[in-house]
Structure formats: C-alpha cells, structure tokens
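Input: a single structure, listed below in structure tokens.
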Amino acid sequence: MTVQTEQRQPDMTYSETETELRAAVRSVLEEKAAAADVLARTESGETYDAGLWRTLAAGIGCSGLLIPEEHGGAGASFREVAVVAEEIGRSVAAVPFLGSAVVATVALLAAGDTELLGGLADGSVTAALAVPFESMPGGLPQAKVRIGPAAADDQDGTYRLSGSIAGVADALPADVLIVPADGVPYGLYVVQACAAGVSKSPVISLDMTRQLCDITLDSAPARRIAGGPEADSAIEDALRAGAGILAAEQLGLAERALDITLAYVKQRYQFARPVGSFQALKHRFADWWVAVTQARAASRYAAACLASDDADVRVAVALAKSICSETALHAGQEMIQLHGGIGFTWEHPAHLYLKRAKTTALAFGTPDRHRASLAALVDLPAAP
Amino acid sequence: MLTDEASSNGQAPEVAQQLRDQVGSFLAKYDPKTTERLEFVRARFDAGLAWVHYPAGLGGQGLPRTMQKVVDAEFTAAQAPTNRPERNAIGLGMAAPTILAYGNDEQKKRWLRPLWTGEEIWCQLFSEPGAGSDLANLATRAVRDGDHWVVNGQKVWTSSAHMAKRALLVTRTDPDVPKHKGLTYFSVDMTSPGVEVRPLRQATGEAEFNEVFLSDVAIPDTDRIGEVGQGWAVSTATLMNERVALGAFQLPREGGMIGFSAATWRENPEKRTPGLHDKLLRLWVAAEVSRLSGERLRQQLAAGQPGPEGSGAKLVYARLNQEIADFEIELQGGDGLRYSDWSMRRPEGADFYGRDAGYRFLRSKGNTIEGGTSEILRNIVAERVLGLPPEIRLDKDKPWKDLPR
C-alpha cells in the first residue's frame, strides 16, 4: 500500500451475507409477527412469543450469532446482530433477542463463562442480565442484590443471593438470570430462574411488546462467573452492546413506521386527493426519510465499531443511541399524527411503535445521558 | 480502501498497481520539481492520468471512478503541480460531465483539455431573476441566424463569471411550446461581444456571484450542446452533478462548521453555560452523524450500490450549517457583535467556513437556497424517492408564452 490520503472508516454498508440474513428473518417475522398477532399477544397471558423465538433462535440461528463456533454458535459479529435487531424493530415482535442473544450473551462471553453458551446457541436456554432496563454503559446503578451465607447442604462454590431488581427487560421468558451482586466476593452470578427463592413479577409496562419484570431473590442459589473489575467490565461490555444494538432496533422501527405511514397517505383520500399529495405532508415525509438515512449511518457505524472493537466504539455507541432514539420517537409520533384518527385507535399498530420507541429511548441510557458521556469522550466539558 | 475495492472488483489490485506504475514512469519523464506547471498538467492530461474514468484520448482510460484516488494519491505524494481544481469547481464538477454526456466528439476534444488543465475556467448561466426554483421558466432568448444564434437576456447568481473563459448556458429557443420543450443548451465564450459581467453583492458584504447581461451575443451553432429543444434534459444532467459535487467532499471529524464551535468551547471556559453545552452536544452529534452519512454514501458508491441517500445529504448539510453557525455566534457572546469587514470584495471561490463567526452565520443562509432550495429538495425526495404524488401543475402543457409571470 502506498500513501493513504483518506481516513480509514469501518465499513457501514450491508454485506451480501447480512442482506440474506435479513431476508430470512423478515420472512419469519412477516409470517408470525403480523401487527394483529403482536397486538393480541400484548393482552394475552404470555406476552413473549416463545414459538416465534424458537423459530428465530433454533431455526435461523439468531440466538447464537455472537457465540463462537466451537460453542455451537455462528461466530458472526455485531454487524449481523444489528441486522436482526433492525428486523425485530421493524415488526416490534415480542422476542428476547436483545436481552438474551445480545446483552446476556455478551456478559457471559466477557466473563469467560462457557457453560451456558451451547444452550443459548441452540435456543434451548434463554438468559437475561438482571439490571434495570434504563441502566447505561458507564453508569450502572449500585447493585441492590447482596450475597448471603451459603446453606448447610450447598455444594462448594454455591452462593446465596438476596435482594431485588426493578424493571428488567427480557427476563420474563429467561431460564437463567445473570445477576450483579454486592458483598464479598462482589461479582457477577448465574441464577437459575426456576430455583427456589427466585420470583419474577410482571410489570404493566409502557411497552407491552417487551414486558418488564421485577425480580426478587430470597437466598437464591447462585454460581459466580466473574468478580471485581472483571465483573464490572463484563457488565459494561454488555450494556454498551445493548445500547448499540438497541439503536439498530430503533432504526428498523423508524424505517417501518415510515413505510406503513407512507403507504397509508398514498391511498387515504380527503378533499378528493390522496392526503400524501399535500405539500405540508410531503415535506414532513422528506424530513422523516432523511432522518432515517442519518440514523442508519450512525447505527451501522456503531455496529461496525462494536464488531471490530474499534477504539472509537464508545463514541460510536453514544452517537447511535442518542440519534436513533430521537429518530425512532419522532417516527412513532409522526406515525400516529399522519394516520389521523385511525392512528390513535387501539386496533391500529401505531401505538405499539410509539410505545416501543419511547421505551427504547429511555433504555440503556437516554439521548441526554449519552450526549453527556460524549462530552467527556470528545473533550467538550460541561459548563463550570 | 483497497480491500473495499477488491470486494467489488476482483481486478482492482492489479489495475491499481498498473496505474501506480504509469504514474511512476510519467514522473520519471516529467520531474514534478522542475517541469513548468502548465506543461506538467497538459502532459498529465495527454497521458490519460487526469481523470481515469474519462475515455482514452480525453484525459482518462475508461477505468472505474474509484481508481482516480490511486492516481491522485501518487501525484500528491510526489508533490506534483496541480490543475488548481479549486479555481474551476463548476468546470470540473458540472461542465465536464455535461460535455462528456451530451457534447459531440469535436466539442469534447476542444473543451475538455483546457478545462481540466485550468486554462479555461467555466461558469454556469442558468438562474435568472424570473427563474430560480422554476428554472424551466427562463426567458433568455436565443434566435437562430444562419450558422449562429443571437442571444439576449439576463442571468444571475453566476459564480466565477468574472474569471471564466466559457460558460454553460441554457436559453429559450421556442416560446410557443410548453416551457420544458422550448429550451436549448449552449456553451458560450465569455469574452464574446455583448457579454457583460457585473458583481452581485451579497449579505456578507462581498460579491462571490455575478449578474451576467447578454446583449445580441453571437454563439456559433457548433457550440450548441445537445439537440435544439433538448436543453432541459441537458440542464438536468448538469444539476444532478451539482448536487453530487456539493455532497461529495470528505472531511475528518470536526472538519466542517462544528469545528469552530468546538474549538471556541475548548479554548474559552468563561463562555460555557449549561444551556449552550446541551446545544453544542446536540449539534456535535448531528454534525458527526451527517459526516458519517456522507462517508457511508461514498462506501455505497465504491461498492457499486448507489442509493437515493445523496438526495438528502444536501438538505442536512445546509440546515446544520445554519444551526451551527447560529450557535457559534451565540457562543461568541460579545465577540459575535463584531464583524471583520463589510467592504465589497471579489473572492475567487465560495468559502462557507472563512473569516469570522459573523461571516459564517450570514454565508450559511445561502446554503438552503443555492443548488436547489431546501423546499424544492424536499419535493424531490418526496416525489422521486418516496413516490408521493407530484405537485399539481398548471404550467406543463400550456405554451410558455401564455404562462402568467
């Protein structure tokens, strides 16, 4: 290679493999997560779609994308993971992809624990990192779970955890909880969700397509997987991946909300014209579409930086999460307004998009908090 | 870079190496340190190393556009004399692709070489006082008289007209047909009798642009580009290239308008307030994401997957320039109340970032107007990208002469 006159930038396009993966995921979601199905499920006894998740996890391999091949996974990267997240955002399907295949999986990989990887990869195990959904990389609230004395007949290496964690995403369907716990030794623990002393209480959530739950542990048996700084760094990695991939989900949400609304204004007539022919609306759509193209660049940049563990990954995730949160929320709002009356009804899916958008904006760090973290990363210090 | 190319074109590494070898032999023959600039760039054109994506014999070798950067990198590394592209942005960015697409062989031969070497600066005679967003409404008349045309009219917002040797000109040749059908496109010699260039002073105090008055200007028919009545199609090609050129430059992080505010923020702790901090971070994020979008667009083009995203790039760029410049002057506080110089000057090219915060604030107001107003660009995105119904038109089928104006 001779002189490089250009800055090297991670590849932000979609590869052929990624495009094929997208098509496979989309066809499953179109068949099994149509708007009416997603809406009906929010009022059913089982708000997460276990059947759909089995198809995505075991059928397509979405649950094992980040898991190395020697542990039964696909050995793929965050680039592919982001494409799946976009598709899930497009359909607002109720599956624990983000919580299990991204956040919990990254926590286990970072902690170096391999025991659960095979089950996660083949879809027989679903896991969740037991932290409040609003937790942010670099700003984890102090763990409220404490380590207590082991029971008399406990095997060596068993710990007992007690405490509670409020508002955990994707934990309702989880078989395994990964719990940060304080005390001696401080660290990250694996708890079987079916064990005695574990209770999960569903929360009536703003977004019922990803229903939160409150977790209470009462001397629940646990296995330690990382301690001290290693535990911190595993949680940090998991939350950063969560924030970066959630941005991809928001991108997909914004894009689909635009598609649906666009189709509507082309066929909805008022004043003997399609309402989409009015310039006041056309300009709003143009701005909306432009915002989606911008969000796509930010989201792809974050995915690429996560995939290559680029030195700029913190900046990339903060950029993506702040811009994609706002793009998704704007999309949810426009979707309702530009549909007019039908957009405000329960039967129309617009409210599902709005609720998912608002919830994801608060999750894994609000846009404001991510901008505040950028201030330190790019040397733009706050006012004294 | 090379890996990107390799993925889209298996031949790329060999072609790149051949090009480097060619530049190497060229530099051995024309020592960049001792060869006179004009001689050097003329020889570079003749060697097919000017723009490698142009055809052989016209400064290129018919290679993919992406190969150009290989050649540019070699010449830059050798500190070779340049064709001073910054002085001929319209020539290189808009005139050349238009000539290539619509010019005949004789015109390509005659115009492209002095254009590329910078011996002939080009400008663009399009907008008129009565034809801004509605360019097809233009009224400059060209009337045929034997083997030439006689042109009368007034053009406006012409950059570089005071330095230009040649211009792209679109005229009305038939007022009796609907407006898009009666246009014809020419190249005009700016030194012809009857061409008068007057500076057009702008809000910043200087005159980057000109008004051009055409009074009985004679243009040989051999300087017509495209067929009589085909002027709209040719103009559209020129304007597409304008938008490509506007969105095409690559900047490092903080390389654009945001860099001034970021530097001021870092250097002046006393100017910081919590409200300004929030605004600054929002703008920084938007600017960086816009920069990444441009980068992504370039990657898509390089990989042979052009998307419609370019249509939105200029909208974002123009809006952000204004918001950031507006922020910067507020951040400056008392310093923002002072302006460098209101005197009438004639800069050689457009400079969006030059001088002081006040200049940037004012100059950015042009960004949402020049090269397509943001309102027209939104119509274009809505109709051509999103497929929304077109505006209701009252002017498409009537003869141009019968339209209200």
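Going by the structure tokens order, chains are called A, B, ..., each with residues numbered from 1, while ligands are numbered from 1 in the order shown.
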Original post:
Near segment 150-162 of chain A, within 10 Å and counting only C-alpha atoms, which residues show up once chain neighbours fewer than 2 positions away are dropped, as a PyMOL selection string?
Top reply: chain A and resi 144-148+164+179-183+185+189-191+197-198+216-224
Show me a table, sorted first by chain and then by increasing residue number, of the residues of chain A having an atom at most 8 Å from chain B, each with its shortest atom pair and the distance in Å to one decimal, counting only C-alpha atoms and written as JSON lines.
```
{"residue": "A:Thr2", "atom": "CA", "partner": "B:Glu74", "partner_atom": "CA", "distance": 7.9}
{"residue": "A:Val3", "atom": "CA", "partner": "B:Ala73", "partner_atom": "CA", "distance": 6.2}
{"residue": "A:Gln4", "atom": "CA", "partner": "B:Ala73", "partner_atom": "CA", "distance": 7.1}
{"residue": "A:Thr5", "atom": "CA", "partner": "B:Ala73", "partner_atom": "CA", "distance": 6.3}
{"residue": "A:Gln7", "atom": "CA", "partner": "B:Pro252", "partner_atom": "CA", "distance": 7.3}
{"residue": "A:Arg8", "atom": "CA", "partner": "B:Met1", "partner_atom": "CA", "distance": 7.4}
{"residue": "A:Gln9", "atom": "CA", "partner": "B:Glu295", "partner_atom": "CA", "distance": 7.9}
{"residue": "A:Asp11", "atom": "CA", "partner": "B:Gln299", "partner_atom": "CA", "distance": 7.2}
{"residue": "A:Met12", "atom": "CA", "partner": "B:Arg296", "partner_atom": "CA", "distance": 5.6}
{"residue": "A:Thr13", "atom": "CA", "partner": "B:Gln300", "partner_atom": "CA", "distance": 6.3}
{"residue": "A:Leu262", "atom": "CA", "partner": "B:Leu386", "partner_atom": "CA", "distance": 7.7}
{"residue": "A:Lys266", "atom": "CA", "partner": "B:Leu388", "partner_atom": "CA", "distance": 6.7}
{"residue": "A:Pro274", "atom": "CA", "partner": "B:Pro389", "partner_atom": "CA", "distance": 7.8}
{"residue": "A:Gly276", "atom": "CA", "partner": "B:Leu388", "partner_atom": "CA", "distance": 6.0}
{"residue": "A:Ser277", "atom": "CA", "partner": "B:Pro389", "partner_atom": "CA", "distance": 4.9}
{"residue": "A:Phe278", "atom": "CA", "partner": "B:Glu391", "partner_atom": "CA", "distance": 7.9}
{"residue": "A:Gln279", "atom": "CA", "partner": "B:Glu391", "partner_atom": "CA", "distance": 7.5}
{"residue": "A:Lys282", "atom": "CA", "partner": "B:Ala382", "partner_atom": "CA", "distance": 5.5}
{"residue": "A:His283", "atom": "CA", "partner": "B:Arg378", "partner_atom": "CA", "distance": 5.4}
{"residue": "A:Phe285", "atom": "CA", "partner": "B:Ala382", "partner_atom": "CA", "distance": 6.5}
{"residue": "A:Ala286", "atom": "CA", "partner": "B:Ala382", "partner_atom": "CA", "distance": 5.2}
{"residue": "A:Asp287", "atom": "CA", "partner": "B:Arg378", "partner_atom": "CA", "distance": 7.3}
{"residue": "A:Val290", "atom": "CA", "partner": "B:Gly312", "partner_atom": "CA", "distance": 5.4}
{"residue": "A:Thr293", "atom": "CA", "partner": "B:Glu309", "partner_atom": "CA", "distance": 6.5}
{"residue": "A:Gln294", "atom": "CA", "partner": "B:Ser293", "partner_atom": "CA", "distance": 5.8}
{"residue": "A:Ala295", "atom": "CA", "partner": "B:Val289", "partner_atom": "CA", "distance": 7.6}
{"residue": "A:Arg296", "atom": "CA", "partner": "B:Ser293", "partner_atom": "CA", "distance": 7.9}
{"residue": "A:Ala297", "atom": "CA", "partner": "B:Ser293", "partner_atom": "CA", "distance": 5.0}
{"residue": "A:Ala298", "atom": "CA", "partner": "B:Val289", "partner_atom": "CA", "distance": 5.7}
{"residue": "A:Tyr301", "atom": "CA", "partner": "B:Leu292", "partner_atom": "CA", "distance": 7.6}
{"residue": "A:Leu319", "atom": "CA", "partner": "B:Val285", "partner_atom": "CA", "distance": 6.1}
{"residue": "A:Ile323", "atom": "CA", "partner": "B:Val285", "partner_atom": "CA", "distance": 7.4}
{"residue": "A:Arg371", "atom": "CA", "partner": "B:Leu281", "partner_atom": "CA", "distance": 6.1}
{"residue": "A:Ala372", "atom": "CA", "partner": "B:Leu281", "partner_atom": "CA", "distance": 7.8}
{"residue": "A:Leu374", "atom": "CA", "partner": "B:Leu281", "partner_atom": "CA", "distance": 7.8}
{"residue": "A:Ala375", "atom": "CA", "partner": "B:Leu281", "partner_atom": "CA", "distance": 7.0}
{"residue": "A:Asp379", "atom": "CA", "partner": "B:Arg266", "partner_atom": "CA", "distance": 7.5}
{"residue": "A:Leu380", "atom": "CA", "partner": "B:Arg266", "partner_atom": "CA", "distance": 6.4}
{"residue": "A:Pro381", "atom": "CA", "partner": "B:Arg266", "partner_atom": "CA", "distance": 7.6}
{"residue": "A:Ala382", "atom": "CA", "partner": "B:His277", "partner_atom": "CA", "distance": 6.1}
{"residue": "A:Ala383", "atom": "CA", "partner": "B:Arg272", "partner_atom": "CA", "distance": 4.8}
{"residue": "A:Pro384", "atom": "CA", "partner": "B:Arg272", "partner_atom": "CA", "distance": 7.4}
```
Original post:
Which of segment 112-230 of chain B counts as strand (DSSP E) under DSSP, as a ChimeraX atom specification please?
Top reply: /B:122-125,141-145,148-159,166-172,183-189,195-200,209-220,224-225
Preceding selection exported with C-alpha atoms as a PDB file, in the first residue's frame:
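Saved file result_23.pdb follows:
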```pdb
ATOM      1  CA  TRP B 122     -16.092  27.633 -16.704  1.00  0.00           C
ATOM      2  CA  CYS B 123     -19.201  29.122 -15.161  1.00  0.00           C
ATOM      3  CA  GLN B 124     -22.894  28.297 -15.369  1.00  0.00           C
ATOM      4  CA  LEU B 125     -25.503  30.680 -16.821  1.00  0.00           C
ATOM      5  CA  ARG B 141     -33.891  34.124 -25.838  1.00  0.00           C
ATOM      6  CA  ALA B 142     -31.709  32.520 -28.494  1.00  0.00           C
ATOM      7  CA  VAL B 143     -32.760  33.135 -32.083  1.00  0.00           C
ATOM      8  CA  ARG B 144     -31.164  31.294 -34.962  1.00  0.00           C
ATOM      9  CA  ASP B 145     -29.487  33.351 -37.657  1.00  0.00           C
ATOM     10  CA  HIS B 148     -25.109  31.014 -35.381  1.00  0.00           C
ATOM     11  CA  TRP B 149     -27.549  32.060 -32.666  1.00  0.00           C
ATOM     12  CA  VAL B 150     -28.227  35.549 -31.272  1.00  0.00           C
ATOM     13  CA  VAL B 151     -28.795  35.607 -27.526  1.00  0.00           C
ATOM     14  CA  ASN B 152     -30.449  38.265 -25.348  1.00  0.00           C
ATOM     15  CA  GLY B 153     -31.275  38.064 -21.667  1.00  0.00           C
ATOM     16  CA  GLN B 154     -30.072  38.277 -18.071  1.00  0.00           C
ATOM     17  CA  LYS B 155     -28.589  35.602 -15.855  1.00  0.00           C
ATOM     18  CA  VAL B 156     -27.942  35.815 -12.123  1.00  0.00           C
ATOM     19  CA  TRP B 157     -26.117  34.050  -9.259  1.00  0.00           C
ATOM     20  CA  THR B 158     -23.218  33.163 -11.549  1.00  0.00           C
ATOM     21  CA  SER B 159     -20.116  32.132  -9.582  1.00  0.00           C
ATOM     22  CA  ARG B 166     -16.506  29.757 -21.081  1.00  0.00           C
ATOM     23  CA  ALA B 167     -19.990  29.222 -19.710  1.00  0.00           C
ATOM     24  CA  LEU B 168     -22.762  26.650 -19.781  1.00  0.00           C
ATOM     25  CA  LEU B 169     -25.853  28.479 -20.983  1.00  0.00           C
ATOM     26  CA  VAL B 170     -29.463  27.424 -21.222  1.00  0.00           C
ATOM     27  CA  THR B 171     -31.785  29.533 -23.361  1.00  0.00           C
ATOM     28  CA  ARG B 172     -35.320  29.641 -24.719  1.00  0.00           C
ATOM     29  CA  LEU B 183     -35.039  25.143 -24.298  1.00  0.00           C
ATOM     30  CA  THR B 184     -31.649  24.756 -25.946  1.00  0.00           C
ATOM     31  CA  TYR B 185     -28.261  24.415 -24.302  1.00  0.00           C
ATOM     32  CA  PHE B 186     -25.023  26.081 -25.393  1.00  0.00           C
ATOM     33  CA  SER B 187     -21.508  26.784 -24.364  1.00  0.00           C
ATOM     34  CA  VAL B 188     -20.739  30.492 -24.715  1.00  0.00           C
ATOM     35  CA  ASP B 189     -17.400  32.259 -24.924  1.00  0.00           C
ATOM     36  CA  VAL B 195     -21.400  39.656 -22.560  1.00  0.00           C
ATOM     37  CA  GLU B 196     -21.340  41.986 -19.554  1.00  0.00           C
ATOM     38  CA  VAL B 197     -20.459  40.678 -16.071  1.00  0.00           C
ATOM     39  CA  ARG B 198     -21.454  42.743 -13.017  1.00  0.00           C
ATOM     40  CA  PRO B 199     -20.707  41.758  -9.420  1.00  0.00           C
ATOM     41  CA  LEU B 200     -23.738  40.832  -7.301  1.00  0.00           C
ATOM     42  CA  PHE B 209     -21.552  35.876  -7.563  1.00  0.00           C
ATOM     43  CA  ASN B 210     -22.354  37.910 -10.643  1.00  0.00           C
ATOM     44  CA  GLU B 211     -25.155  39.088 -12.811  1.00  0.00           C
ATOM     45  CA  VAL B 212     -24.476  38.427 -16.476  1.00  0.00           C
ATOM     46  CA  PHE B 213     -26.170  40.515 -19.142  1.00  0.00           C
ATOM     47  CA  LEU B 214     -26.301  39.097 -22.666  1.00  0.00           C
ATOM     48  CA  SER B 215     -26.985  41.624 -25.434  1.00  0.00           C
ATOM     49  CA  ASP B 216     -27.007  40.330 -29.017  1.00  0.00           C
ATOM     50  CA  VAL B 217     -24.333  37.764 -28.159  1.00  0.00           C
ATOM     51  CA  ALA B 218     -23.482  35.611 -31.173  1.00  0.00           C
ATOM     52  CA  ILE B 219     -22.925  31.892 -30.495  1.00  0.00           C
ATOM     53  CA  PRO B 220     -21.861  29.579 -33.344  1.00  0.00           C
ATOM     54  CA  ARG B 224     -24.670  24.064 -29.104  1.00  0.00           C
ATOM     55  CA  ILE B 225     -24.673  21.098 -26.659  1.00  0.00           C
TER      56      ILE B 225
END
```
**OP:** Work out how far atom CA of Leu49 of chain B is from atom CA of Glu36 of chain B, in Å to one decimal.
**Re:**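 For atom CA of Glu36 of chain B relative to atom CA of Leu49 of chain B, the distance reads 17.3 Å.
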Original post:
What does the distance from atom CA of Trp116 of chain B to atom CA of Arg201 of chain B come to in Å, to one decimal?
Top reply: 29.1 Å
**OP:** Can you work out which one of B:Met67, B:Asp105, B:Thr82, B:Ala16 has the shortest atom-to-atom distance to Arg44 of chain B, counting only C-alpha atoms?
**Re:**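 Ranked by minimum distance to Arg44 of chain B, first place goes to B:Thr82.
Residue nearest Asp351 of chain B within the list B:Val228, B:Ile121, B:Met257, B:Ala96: B:Met257 [criterion: smallest interatomic distance, only C-alpha atoms].
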**OP:** List every residue of segment 187-333 of chain A that DSSP, applied to the backbone of this structure, places in helix (DSSP H, G or I), and write the result as JSON, numbers by chain.
**Re:** {"A": [208, 209, 210, 228, 229, 230, 231, 232, 233, 234, 235, 236, 237, 238, 239, 240, 241, 242, 243, 244, 245, 246, 247, 248, 249, 250, 251, 252, 253, 254, 255, 256, 257, 258, 259, 260, 261, 262, 263, 264, 265, 266, 267, 275, 276, 277, 279, 280, 281, 282, 283, 284, 285, 286, 287, 288, 289, 290, 291, 292, 293, 294, 295, 296, 297, 298, 299, 300, 301, 302, 303, 304, 305, 306, 307, 308, 313, 314, 315, 316, 317, 318, 319, 320, 321, 322, 323, 324, 325, 326, 327, 328, 329, 330, 331, 332, 333]}
Using only C-alpha atoms, please write the residues we just selected to a file, as an mmCIF file, in the first residue's frame.
```
data_model
loop_
_atom_site.group_PDB
_atom_site.id
_atom_site.type_symbol
_atom_site.label_atom_id
_atom_site.label_comp_id
_atom_site.auth_asym_id
_atom_site.auth_seq_id
_atom_site.Cartn_x
_atom_site.Cartn_y
_atom_site.Cartn_z
ATOM 1 C CA MET A 208 -46.053 -4.492 26.425
ATOM 2 C CA THR A 209 -44.195 -5.897 23.395
ATOM 3 C CA ARG A 210 -41.198 -6.123 25.707
ATOM 4 C CA GLY A 228 -14.282 -7.381 40.863
ATOM 5 C CA PRO A 229 -13.116 -5.412 37.833
ATOM 6 C CA GLU A 230 -13.822 -8.363 35.513
ATOM 7 C CA ALA A 231 -17.461 -8.327 36.545
ATOM 8 C CA ASP A 232 -17.640 -4.572 36.056
ATOM 9 C CA SER A 233 -16.097 -4.813 32.659
ATOM 10 C CA ALA A 234 -18.407 -7.665 31.604
ATOM 11 C CA ILE A 235 -21.446 -5.612 32.616
ATOM 12 C CA GLU A 236 -20.032 -2.570 30.879
ATOM 13 C CA ASP A 237 -19.466 -4.505 27.642
ATOM 14 C CA ALA A 238 -22.942 -5.986 27.820
ATOM 15 C CA LEU A 239 -24.611 -2.634 28.325
ATOM 16 C CA ARG A 240 -22.579 -0.982 25.585
ATOM 17 C CA ALA A 241 -23.541 -3.750 23.172
ATOM 18 C CA GLY A 242 -27.129 -3.420 24.357
ATOM 19 C CA ALA A 243 -27.190 0.319 23.702
ATOM 20 C CA GLY A 244 -25.515 -0.021 20.297
ATOM 21 C CA ILE A 245 -27.791 -2.816 19.116
ATOM 22 C CA LEU A 246 -30.882 -1.151 20.534
ATOM 23 C CA ALA A 247 -30.017 1.742 18.203
ATOM 24 C CA ALA A 248 -30.286 -0.699 15.276
ATOM 25 C CA GLU A 249 -33.675 -1.820 16.571
ATOM 26 C CA GLN A 250 -34.748 1.828 16.705
ATOM 27 C CA LEU A 251 -33.556 2.324 13.138
ATOM 28 C CA GLY A 252 -35.695 -0.596 11.967
ATOM 29 C CA LEU A 253 -38.665 0.721 13.925
ATOM 30 C CA ALA A 254 -38.351 4.196 12.397
ATOM 31 C CA GLU A 255 -37.986 2.794 8.903
ATOM 32 C CA ARG A 256 -41.033 0.524 9.153
ATOM 33 C CA ALA A 257 -43.160 3.237 10.734
ATOM 34 C CA LEU A 258 -42.239 5.381 7.730
ATOM 35 C CA ASP A 259 -43.101 2.597 5.253
ATOM 36 C CA ILE A 260 -46.503 1.929 6.825
ATOM 37 C CA THR A 261 -47.411 5.602 7.060
ATOM 38 C CA LEU A 262 -46.248 6.309 3.535
ATOM 39 C CA ALA A 263 -48.422 3.516 2.160
ATOM 40 C CA TYR A 264 -51.370 4.918 4.101
ATOM 41 C CA VAL A 265 -51.146 8.514 2.840
ATOM 42 C CA LYS A 266 -50.913 7.287 -0.733
ATOM 43 C CA GLN A 267 -54.308 5.601 -0.508
ATOM 44 C CA VAL A 275 -53.527 13.163 1.554
ATOM 45 C CA GLY A 276 -49.918 12.353 0.626
ATOM 46 C CA SER A 277 -50.201 14.834 -2.243
ATOM 47 C CA GLN A 279 -47.016 19.581 0.353
ATOM 48 C CA ALA A 280 -47.301 20.094 4.109
ATOM 49 C CA LEU A 281 -47.215 16.319 4.445
ATOM 50 C CA LYS A 282 -44.719 15.630 1.656
ATOM 51 C CA HIS A 283 -42.132 17.830 3.331
ATOM 52 C CA ARG A 284 -42.643 16.075 6.649
ATOM 53 C CA PHE A 285 -42.104 12.737 4.935
ATOM 54 C CA ALA A 286 -38.972 14.015 3.222
ATOM 55 C CA ASP A 287 -37.520 15.147 6.558
ATOM 56 C CA TRP A 288 -38.509 11.862 8.157
ATOM 57 C CA TRP A 289 -36.833 9.836 5.421
ATOM 58 C CA VAL A 290 -33.688 11.961 5.682
ATOM 59 C CA ALA A 291 -33.631 11.380 9.453
ATOM 60 C CA VAL A 292 -33.787 7.617 8.842
ATOM 61 C CA THR A 293 -30.818 7.782 6.440
ATOM 62 C CA GLN A 294 -28.834 9.656 9.079
ATOM 63 C CA ALA A 295 -29.814 7.172 11.791
ATOM 64 C CA ARG A 296 -28.743 4.330 9.507
ATOM 65 C CA ALA A 297 -25.228 5.735 9.167
ATOM 66 C CA ALA A 298 -24.926 6.144 12.942
ATOM 67 C CA SER A 299 -26.303 2.685 13.641
ATOM 68 C CA ARG A 300 -24.079 0.990 11.056
ATOM 69 C CA TYR A 301 -21.082 2.841 12.402
ATOM 70 C CA ALA A 302 -21.845 1.618 15.937
ATOM 71 C CA ALA A 303 -22.338 -1.964 14.745
ATOM 72 C CA ALA A 304 -19.088 -1.860 12.776
ATOM 73 C CA CYS A 305 -17.171 -0.381 15.737
ATOM 74 C CA LEU A 306 -18.636 -2.985 18.127
ATOM 75 C CA ALA A 307 -17.748 -5.737 15.655
ATOM 76 C CA SER A 308 -14.106 -4.703 15.361
ATOM 77 C CA VAL A 313 -16.623 2.336 19.940
ATOM 78 C CA ARG A 314 -17.695 4.432 22.950
ATOM 79 C CA VAL A 315 -18.232 7.479 20.771
ATOM 80 C CA ALA A 316 -19.971 5.379 18.132
ATOM 81 C CA VAL A 317 -22.460 3.855 20.574
ATOM 82 C CA ALA A 318 -23.220 7.186 22.242
ATOM 83 C CA LEU A 319 -23.814 8.795 18.829
ATOM 84 C CA ALA A 320 -26.018 5.961 17.619
ATOM 85 C CA LYS A 321 -28.092 5.644 20.771
ATOM 86 C CA SER A 322 -28.722 9.372 21.041
ATOM 87 C CA ILE A 323 -29.623 9.926 17.383
ATOM 88 C CA CYS A 324 -31.559 6.682 16.791
ATOM 89 C CA SER A 325 -33.612 7.194 19.983
ATOM 90 C CA GLU A 326 -34.757 10.549 18.696
ATOM 91 C CA THR A 327 -35.376 9.262 15.190
ATOM 92 C CA ALA A 328 -37.496 6.375 16.481
ATOM 93 C CA LEU A 329 -39.503 8.558 18.819
ATOM 94 C CA HIS A 330 -40.136 11.082 16.057
ATOM 95 C CA ALA A 331 -41.215 8.182 13.825
ATOM 96 C CA GLY A 332 -43.670 6.874 16.410
ATOM 97 C CA GLN A 333 -45.176 10.317 16.843
#
```
